[in-house]
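work-v7.cif follows; it contains mmCIF, C-alpha atoms; chains and numbers go by the auth columns.
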```cif
data_data
loop_
_atom_site.group_PDB
_atom_site.id
_atom_site.type_symbol
_atom_site.label_atom_id
_atom_site.label_comp_id
_atom_site.label_asym_id
_atom_site.label_seq_id
_atom_site.Cartn_x
_atom_site.Cartn_y
_atom_site.Cartn_z
_atom_site.B_iso_or_equiv
_atom_site.auth_seq_id
_atom_site.auth_asym_id
ATOM 1 C CA MET A 1 106.397 130.622 70.016 0.00 19 A
ATOM 2 C CA SER A 2 105.704 131.419 66.399 0.00 20 A
ATOM 3 C CA SER A 3 103.753 128.305 65.463 0.00 21 A
ATOM 4 C CA LEU A 4 101.396 125.727 66.929 0.00 22 A
ATOM 5 C CA PRO A 5 101.973 122.062 67.808 0.00 23 A
ATOM 6 C CA THR A 6 101.023 119.601 65.073 0.00 24 A
ATOM 7 C CA ALA A 7 100.929 115.857 64.568 0.00 25 A
ATOM 8 C CA ILE A 8 100.923 113.611 61.542 0.00 26 A
ATOM 9 C CA TYR A 9 99.807 109.988 61.498 0.00 27 A
ATOM 10 C CA THR A 10 100.651 107.524 58.767 0.00 28 A
ATOM 11 C CA SER A 11 99.740 103.879 58.275 0.00 29 A
ATOM 12 C CA PRO A 12 99.667 101.698 55.177 0.00 30 A
ATOM 13 C CA ASP A 13 96.089 102.786 54.423 0.00 31 A
ATOM 14 C CA LEU A 14 95.864 106.331 55.752 0.00 32 A
ATOM 15 C CA THR A 15 97.643 109.631 56.402 0.00 33 A
ATOM 16 C CA ARG A 16 96.098 112.159 58.754 0.00 34 A
ATOM 17 C CA ASN A 17 97.263 115.604 59.869 0.00 35 A
ATOM 18 C CA PHE A 18 96.282 117.067 63.226 0.00 36 A
ATOM 19 C CA HIS A 19 96.204 120.810 63.808 0.00 37 A
ATOM 20 C CA VAL A 20 95.137 123.048 66.659 0.00 38 A
ATOM 21 C CA ASP A 21 92.732 125.906 66.003 0.00 39 A
ATOM 22 C CA PRO A 22 93.914 128.853 68.154 0.00 40 A
ATOM 23 C CA SER A 23 90.598 130.677 67.678 0.00 41 A
ATOM 24 C CA LYS A 24 88.826 128.013 69.773 0.00 42 A
ATOM 25 C CA SER A 25 89.066 127.695 73.538 0.00 43 A
ATOM 26 C CA HIS A 26 91.553 125.166 74.910 0.00 44 A
ATOM 27 C CA THR A 27 91.992 123.670 78.337 0.00 45 A
ATOM 28 C CA THR A 28 94.671 121.687 80.143 0.00 46 A
ATOM 29 C CA ASP A 29 91.963 119.354 81.426 0.00 47 A
ATOM 30 C CA GLY A 30 91.772 116.798 78.619 0.00 48 A
ATOM 31 C CA VAL A 31 88.795 114.551 77.911 0.00 49 A
ATOM 32 C CA THR A 32 90.886 111.438 77.245 0.00 50 A
ATOM 33 C CA THR A 33 93.241 111.735 80.196 0.00 51 A
ATOM 34 C CA GLY A 34 92.892 111.413 83.960 0.00 52 A
ATOM 35 C CA PRO A 35 90.726 108.978 85.929 0.00 53 A
ATOM 36 C CA SER A 36 87.605 107.578 84.294 0.00 54 A
ATOM 37 C CA ASP A 37 84.123 108.757 85.301 0.00 55 A
ATOM 38 C CA HIS A 38 83.552 105.371 86.904 0.00 56 A
ATOM 39 C CA VAL A 39 86.568 105.830 89.195 0.00 57 A
ATOM 40 C CA LEU A 40 85.639 109.431 90.048 0.00 58 A
ATOM 41 C CA LYS A 41 82.041 108.421 90.882 0.00 59 A
ATOM 42 C CA ALA A 42 83.468 105.796 93.213 0.00 60 A
ATOM 43 C CA GLY A 43 84.972 108.646 95.233 0.00 61 A
ATOM 44 C CA ALA A 44 88.519 108.838 93.875 0.00 62 A
ATOM 45 C CA ILE A 45 90.262 112.216 93.998 0.00 63 A
ATOM 46 C CA ASP A 46 92.431 113.157 91.013 0.00 64 A
ATOM 47 C CA LYS A 47 95.646 114.238 92.717 0.00 65 A
ATOM 48 C CA ASP A 48 97.444 114.509 89.354 0.00 66 A
ATOM 49 C CA LYS A 49 94.960 116.932 87.868 0.00 67 A
ATOM 50 C CA PRO A 50 96.825 119.499 85.734 0.00 68 A
ATOM 51 C CA SER A 51 96.998 123.066 86.997 0.00 69 A
ATOM 52 C CA LEU A 52 94.970 125.771 85.281 0.00 70 A
ATOM 53 C CA ILE A 53 96.890 127.822 82.768 0.00 71 A
ATOM 54 C CA PRO A 54 97.898 131.383 83.611 0.00 72 A
ATOM 55 C CA THR A 55 96.029 133.634 81.185 0.00 73 A
ATOM 56 C CA ASP A 56 99.090 135.570 80.039 0.00 74 A
ATOM 57 C CA ALA A 57 101.596 132.725 79.780 0.00 75 A
ATOM 58 C CA LYS A 58 102.413 131.560 76.262 0.00 76 A
ATOM 59 C CA ILE A 59 104.029 128.410 77.596 0.00 77 A
ATOM 60 C CA GLY A 60 100.796 127.627 79.472 0.00 78 A
ATOM 61 C CA LEU A 61 98.892 128.051 76.252 0.00 79 A
ATOM 62 C CA LEU A 62 101.227 125.515 74.628 0.00 80 A
ATOM 63 C CA ARG A 63 100.225 122.983 77.292 0.00 81 A
ATOM 64 C CA ALA A 64 96.549 123.620 76.522 0.00 82 A
ATOM 65 C CA TYR A 65 97.146 123.282 72.764 0.00 83 A
ATOM 66 C CA LEU A 66 99.050 120.072 73.379 0.00 84 A
ATOM 67 C CA THR A 67 96.175 118.715 75.470 0.00 85 A
ATOM 68 C CA THR A 68 93.762 119.376 72.605 0.00 86 A
ATOM 69 C CA LEU A 69 96.143 117.684 70.168 0.00 87 A
ATOM 70 C CA GLN A 70 96.525 114.736 72.548 0.00 88 A
ATOM 71 C CA ASP A 71 92.725 114.376 72.807 0.00 89 A
ATOM 72 C CA ASP A 72 92.306 114.513 69.023 0.00 90 A
ATOM 73 C CA VAL A 73 95.003 111.871 68.458 0.00 91 A
ATOM 74 C CA ASN A 74 93.710 109.644 71.258 0.00 92 A
ATOM 75 C CA LEU A 75 90.128 109.731 69.969 0.00 93 A
ATOM 76 C CA PHE A 76 91.290 109.080 66.411 0.00 94 A
ATOM 77 C CA LEU A 77 93.491 106.105 67.370 0.00 95 A
ATOM 78 C CA THR A 78 90.854 104.654 69.712 0.00 96 A
ATOM 79 C CA LYS A 79 88.366 104.739 66.841 0.00 97 A
ATOM 80 C CA ARG A 80 90.908 103.031 64.571 0.00 98 A
ATOM 81 C CA MET A 81 91.541 100.358 67.213 0.00 99 A
ATOM 82 C CA ALA A 82 87.799 99.705 67.640 0.00 100 A
ATOM 83 C CA HIS A 83 87.437 99.433 63.860 0.00 101 A
ATOM 84 C CA ASP A 84 90.350 96.962 63.731 0.00 102 A
ATOM 85 C CA ASP A 85 88.809 94.889 66.539 0.00 103 A
ATOM 86 C CA LEU A 86 85.478 94.780 64.687 0.00 104 A
ATOM 87 C CA ASN A 87 87.201 93.720 61.481 0.00 105 A
ATOM 88 C CA SER A 88 89.051 91.057 63.419 0.00 106 A
ATOM 89 C CA ILE A 89 85.788 89.601 64.772 0.00 107 A
ATOM 90 C CA GLU A 90 84.119 89.745 61.369 0.00 108 A
ATOM 91 C CA GLY A 91 87.205 88.259 59.748 0.00 109 A
ATOM 92 C CA ASP A 92 87.259 85.442 62.262 0.00 110 A
ATOM 93 C CA LEU A 93 83.572 84.674 61.603 0.00 111 A
ATOM 94 C CA GLU A 94 84.197 84.731 57.838 0.00 112 A
ATOM 95 C CA ARG A 95 87.192 82.411 58.268 0.00 113 A
ATOM 96 C CA ARG A 96 85.109 79.988 60.370 0.00 114 A
ATOM 97 C CA ILE A 97 82.290 79.975 57.796 0.00 115 A
ATOM 98 C CA LEU A 98 84.646 79.529 54.837 0.00 116 A
ATOM 99 C CA ASP A 99 87.296 77.267 56.332 0.00 117 A
ATOM 100 C CA ASP A 100 85.472 75.314 59.005 0.00 118 A
ATOM 101 C CA GLY A 101 82.031 75.111 57.408 0.00 119 A
ATOM 102 C CA VAL A 102 80.382 76.761 60.395 0.00 120 A
ATOM 103 C CA ASP A 103 76.974 78.261 59.643 0.00 121 A
ATOM 104 C CA GLU A 104 76.149 81.138 61.948 0.00 122 A
ATOM 105 C CA ASP A 105 72.428 80.185 61.708 0.00 123 A
ATOM 106 C CA ASP A 106 73.115 76.563 62.684 0.00 124 A
ATOM 107 C CA ASP A 107 70.976 75.371 65.571 0.00 125 A
ATOM 108 C CA ASP A 108 72.265 72.392 67.518 0.00 126 A
ATOM 109 C CA ASP A 109 68.745 71.377 68.599 0.00 127 A
ATOM 110 C CA GLU A 110 67.539 70.649 65.077 0.00 128 A
ATOM 111 C CA MET B 1 111.373 90.577 57.996 0.00 3 B
ATOM 112 C CA SER B 2 113.326 93.485 59.406 0.00 4 B
ATOM 113 C CA LYS B 3 112.036 95.467 62.342 0.00 5 B
ATOM 114 C CA GLU B 4 111.562 98.516 60.124 0.00 6 B
ATOM 115 C CA GLY B 5 109.364 96.455 57.813 0.00 7 B
ATOM 116 C CA GLU B 6 107.160 95.421 60.713 0.00 8 B
ATOM 117 C CA PHE B 7 106.742 98.968 61.986 0.00 9 B
ATOM 118 C CA THR B 8 104.109 100.212 59.589 0.00 10 B
ATOM 119 C CA HIS B 9 102.464 102.891 61.733 0.00 11 B
ATOM 120 C CA THR B 10 104.006 106.261 62.550 0.00 12 B
ATOM 121 C CA LEU B 11 102.930 109.278 64.549 0.00 13 B
ATOM 122 C CA GLU B 12 105.044 112.426 64.622 0.00 14 B
ATOM 123 C CA PHE B 13 104.513 115.420 66.888 0.00 15 B
ATOM 124 C CA LYS B 14 106.115 118.803 66.300 0.00 16 B
ATOM 125 C CA VAL B 15 106.022 120.952 69.417 0.00 17 B
ATOM 126 C CA PRO B 16 107.260 124.555 69.168 0.00 18 B
ATOM 127 C CA PHE B 17 108.647 126.006 72.393 0.00 19 B
ATOM 128 C CA LEU B 18 109.408 129.620 73.236 0.00 20 B
ATOM 129 C CA ASN B 19 113.121 129.091 72.644 0.00 21 B
ATOM 130 C CA SER B 20 115.673 126.401 71.787 0.00 22 B
ATOM 131 C CA LYS B 21 116.740 126.049 75.417 0.00 23 B
ATOM 132 C CA GLN B 22 113.285 124.841 76.431 0.00 24 B
ATOM 133 C CA ALA B 23 113.156 122.414 73.486 0.00 25 B
ATOM 134 C CA THR B 24 116.559 121.025 74.471 0.00 26 B
ATOM 135 C CA ILE B 25 115.547 120.590 78.113 0.00 27 B
ATOM 136 C CA ALA B 26 112.313 118.835 77.091 0.00 28 B
ATOM 137 C CA CYS B 27 114.229 116.563 74.706 0.00 29 B
ATOM 138 C CA LYS B 28 116.788 115.619 77.363 0.00 30 B
ATOM 139 C CA SER B 29 114.053 115.080 79.960 0.00 31 B
ATOM 140 C CA LEU B 30 112.017 112.683 77.837 0.00 32 B
ATOM 141 C CA ASN B 31 114.818 110.806 76.095 0.00 33 B
ATOM 142 C CA PRO B 32 115.997 108.645 79.042 0.00 34 B
ATOM 143 C CA ASP B 33 112.542 107.114 79.535 0.00 35 B
ATOM 144 C CA PRO B 34 112.922 103.456 78.474 0.00 36 B
ATOM 145 C CA ILE B 35 110.603 101.907 75.897 0.00 37 B
ATOM 146 C CA LEU B 36 108.612 99.090 77.448 0.00 38 B
ATOM 147 C CA LYS B 37 108.142 97.058 74.260 0.00 39 B
ATOM 148 C CA PRO B 38 111.143 97.729 71.967 0.00 40 B
ATOM 149 C CA ASN B 39 110.126 94.832 69.734 0.00 41 B
ATOM 150 C CA GLU B 40 106.860 96.656 68.953 0.00 42 B
ATOM 151 C CA LEU B 41 107.817 100.316 69.100 0.00 43 B
ATOM 152 C CA GLU B 42 110.543 102.879 68.526 0.00 44 B
ATOM 153 C CA VAL B 43 110.511 106.464 69.764 0.00 45 B
ATOM 154 C CA SER B 44 112.901 109.211 68.678 0.00 46 B
ATOM 155 C CA TYR B 45 113.337 112.708 70.087 0.00 47 B
ATOM 156 C CA VAL B 46 114.995 115.460 68.084 0.00 48 B
ATOM 157 C CA ASN B 47 115.090 119.190 68.657 0.00 49 B
ATOM 158 C CA GLU B 48 115.512 121.542 65.720 0.00 50 B
ATOM 159 C CA ASN B 49 116.038 124.991 67.173 0.00 51 B
ATOM 160 C CA GLU B 50 112.942 125.715 69.280 0.00 52 B
ATOM 161 C CA VAL B 51 110.907 122.776 67.900 0.00 53 B
ATOM 162 C CA LEU B 52 110.835 119.370 69.584 0.00 54 B
ATOM 163 C CA ILE B 53 110.056 116.522 67.191 0.00 55 B
ATOM 164 C CA ILE B 54 108.823 113.257 68.692 0.00 56 B
ATOM 165 C CA LYS B 55 108.374 110.339 66.331 0.00 57 B
ATOM 166 C CA PHE B 56 106.687 107.046 67.221 0.00 58 B
ATOM 167 C CA THR B 57 107.087 104.105 64.885 0.00 59 B
ATOM 168 C CA GLY B 58 105.236 100.950 65.799 0.00 60 B
ATOM 169 C CA SER B 59 103.568 97.763 64.759 0.00 61 B
ATOM 170 C CA SER B 60 99.968 98.809 65.507 0.00 62 B
ATOM 171 C CA ASP B 61 97.675 101.701 66.392 0.00 63 B
ATOM 172 C CA ARG B 62 97.395 100.311 69.906 0.00 64 B
ATOM 173 C CA VAL B 63 101.117 100.492 70.803 0.00 65 B
ATOM 174 C CA ILE B 64 101.400 103.939 69.232 0.00 66 B
ATOM 175 C CA ARG B 65 98.415 105.278 71.156 0.00 67 B
ATOM 176 C CA VAL B 66 99.639 103.980 74.521 0.00 68 B
ATOM 177 C CA ALA B 67 103.182 105.263 74.011 0.00 69 B
ATOM 178 C CA ALA B 68 102.179 108.634 72.554 0.00 70 B
ATOM 179 C CA ASN B 69 99.668 109.330 75.305 0.00 71 B
ATOM 180 C CA ASN B 70 102.274 108.525 77.946 0.00 72 B
ATOM 181 C CA VAL B 71 104.984 110.681 76.365 0.00 73 B
ATOM 182 C CA ILE B 72 102.638 113.640 75.871 0.00 74 B
ATOM 183 C CA GLU B 73 101.554 113.395 79.506 0.00 75 B
ATOM 184 C CA ASN B 74 105.218 113.544 80.527 0.00 76 B
ATOM 185 C CA LEU B 75 105.848 116.409 78.121 0.00 77 B
ATOM 186 C CA LYS B 76 102.971 118.382 79.657 0.00 78 B
ATOM 187 C CA THR B 77 104.584 117.906 83.060 0.00 79 B
ATOM 188 C CA VAL B 78 107.846 119.302 81.665 0.00 80 B
ATOM 189 C CA ILE B 79 105.959 122.298 80.256 0.00 81 B
ATOM 190 C CA GLU B 80 104.198 122.813 83.576 0.00 82 B
ATOM 191 C CA CYS B 81 107.638 122.995 85.203 0.00 83 B
ATOM 192 C CA PHE B 82 108.627 125.720 82.726 0.00 84 B
ATOM 193 C CA GLU B 83 105.488 127.622 83.685 0.00 85 B
ATOM 194 C CA VAL B 84 106.372 127.505 87.363 0.00 86 B
ATOM 195 C CA PHE B 85 110.167 127.798 87.357 0.00 87 B
ATOM 196 C CA ASP B 86 111.209 129.441 84.085 0.00 88 B
#
```
Is it possible to give me this structure as structure tokens?
Amino acid sequence: MSSLPTAIYTSPDLTRNFHVDPSKSHTTDGVTTGPSDHVLKAGAIDKDKPSLIPTDAKIGLLRAYLTTLQDDVNLFLTKRMAHDDLNSIEGDLERRILDDGVDEDDDDDE
Amino acid sequence: MSKEGEFTHTLEFKVPFLNSKQATIACKSLNPDPILKPNELEVSYVNENEVLIIKFTGSSDRVIRVAANNVIENLKTVIECFEVFD
């Protein structure tokens, strides 16, 4: 394996490259995968938990690199989705104020 | 509007394996998995020598994230099989 896994994201407003830094430590136990903390605290056992990588296996290292890449992409896209949702709410409020004449400070009791 | 025009978001992974045989096996293992929302997403798998290229093209960040996370999870299972059996 002469190179490392990479990813590239493109959308109408952004291009982003994802790379793995081999000098950092990597694990097969990703932060964005597996059961949530809430489920684990409720007593669930993660039967699908990935196995630990053998220290001398290059193919095992690839799985760890891929997990890091997966986490990076997941966190990036989740942030984008949250930003889109926020814009959608703000856009809806703006549309209501502009199109429907709704004033967000209006008080029905007055 | 054509489907290609609607699919404005792309995410492409390049995964280098130890050899072309592993890349081919991974490609053939992932390829049969059906796409749940073909009107919102397309996925292509290509192997160029020892590199597996997975490309997601979709209508939003949300569909791309769900699909990519699922495919990478499956790919990690394939790699784990190589670790044990290869």
Give me, as an MDAnalysis selection string, the residues of chain A touching chain B, with the criterion being at most 9 Å (counting only C-alpha atoms). chainID A and resid 19:30 46 51 68:69 71:72 75:78 80:82 84:85 88:89 91:92 95:96 98:99
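One distance worth recording is that between CA of Gly48 (chain A) and CA of Ala100 (chain A), which is 20.7 Å.
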Excluding Ile63 (chain A) and its own-chain neighbours fewer than 4 positions away, which residues fall within 12 Å of it when counting all atoms listed in the file? Please give them as a PyMOL selection string. chain A and resi 52-59+67
Quick one: distance from CA of Leu32 (chain B) to CA of Val65 (chain B) in Å, one decimal? 17.8 Å
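With CA of Leu70 (chain A) on one side and CA of Asp47 (chain A) on the other, the separation reads 8.1 Å.
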Restricting to all atoms listed in the file, whichever of B:Ala69, B:Asn76, B:Ala25, B:Cys83 is closest to Ile37 (chain B) is B:Ala69
